[in-house]
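Notes follow the structure.
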Amino acid sequence: GEDRFVAVWGIDDLTLQRSLSADDGATWSPASPIHPDGFQGSDADRSLSQVSPLELVLTWTSRDSLGNRVGSDGDALISRSRDGGETWS
């Protein structure tokens, strides 16, 4: 069978993006934001882990206050996908 791959990176203002491949990396979905709020993170602190075949956990640090929901002093954030990277909490 073909393996599924997920790529995560920051662009321009470091907004976290993702792209998916379901054919061993031969083709990739268009880039899309991890979250509609445009989560931002630093390059050095981003980490993507696979917990189970479809469950992924992304951690990163951010100075973005996310609309004053967190501080702007460099917070550690986490987002989880339970569908192989299609959607994120």
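Lettering and numbering for the structure tokens are positional, with chains as A, B, ... in the shown order, residues counted from 1 in each chain, and ligands counted from 1 in the shown order.
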Near-Val6 of chain A list (12 Å; only C-alpha atoms; drop same-chain fewer than 2 positions) as a ChimeraX atom specification: /A:3-4,8-9,17-25,27-32,34,48-50,53-58,81,83-87
Strand (DSSP E) positions in chain A, given as a PyMOL selection string: chain A and resi 5-11+15-21+32-33+47-50+56-62+75-81
One residue among A:Thr15, A:Ser47, A:Ser52, A:Thr59 is nearest to Ile78 of chain A when using only C-alpha atoms, and that residue is A:Thr59
Report the distance between atom CA of Phe5 of chain A and atom CA of Gly74 of chain A in Å, rounded to one decimal place.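 So the two atoms, atom CA of Phe5 of chain A and atom CA of Gly74 of chain A, lie 29.0 Å apart.
With only C-alpha atoms as the atoms that count, the minimum distance from Trp60 of chain A to the choices A:Ser72, A:Asp45, A:Leu16, A:Ala26 is reached by A:Asp45.
Atom CA of Arg46 of chain A is found 17.2 Å from atom CA of Ser65 of chain A.
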For Asp73 of chain A, find every residue with an atom within 12 Å (counting only C-alpha atoms), except residues of its own chain fewer than 2 positions away, and show them as a short mmCIF file (atom, residue, chain, number, x, y, z; two decimals) with N, CA, C and O atoms, in the first residue's frame.
```cif
data_model
loop_
_atom_site.label_atom_id
_atom_site.label_comp_id
_atom_site.auth_asym_id
_atom_site.auth_seq_id
_atom_site.Cartn_x
_atom_site.Cartn_y
_atom_site.Cartn_z
N THR A 61 6.16 27.16 19.32
CA THR A 61 6.11 28.35 20.17
C THR A 61 5.62 29.52 19.33
O THR A 61 5.80 29.55 18.11
N SER A 62 4.98 30.46 19.99
CA SER A 62 4.40 31.60 19.29
C SER A 62 4.40 32.84 20.17
O SER A 62 4.20 32.74 21.38
N ARG A 63 4.63 33.97 19.55
CA ARG A 63 4.47 35.26 20.23
C ARG A 63 3.16 35.94 19.82
O ARG A 63 2.86 37.02 20.24
N ASP A 64 2.39 35.26 18.99
CA ASP A 64 1.08 35.74 18.56
C ASP A 64 0.10 35.54 19.71
O ASP A 64 0.01 34.45 20.28
N SER A 65 -0.66 36.56 20.06
CA SER A 65 -1.60 36.45 21.19
C SER A 65 -2.88 35.72 20.80
O SER A 65 -3.73 35.48 21.65
N LEU A 66 -3.03 35.34 19.52
CA LEU A 66 -4.22 34.65 19.03
C LEU A 66 -5.49 35.38 19.46
O LEU A 66 -6.39 34.79 20.05
N ASN A 68 -5.75 37.79 21.69
CA ASN A 68 -5.72 37.99 23.14
C ASN A 68 -6.19 36.76 23.92
O ASN A 68 -6.61 36.87 25.07
N VAL A 70 -4.08 34.13 24.38
CA VAL A 70 -2.87 33.74 25.11
C VAL A 70 -1.97 34.97 25.17
O VAL A 70 -2.21 35.96 24.48
N GLY A 71 -0.93 34.91 25.95
CA GLY A 71 0.00 36.02 26.04
C GLY A 71 0.85 36.15 24.78
O GLY A 71 0.84 35.29 23.92
N ASP A 75 4.59 31.66 23.96
CA ASP A 75 3.86 30.53 24.54
C ASP A 75 4.12 29.24 23.76
O ASP A 75 4.34 29.27 22.55
N ALA A 76 4.08 28.12 24.45
CA ALA A 76 4.13 26.80 23.81
C ALA A 76 2.69 26.41 23.48
O ALA A 76 1.82 26.45 24.34
#
```
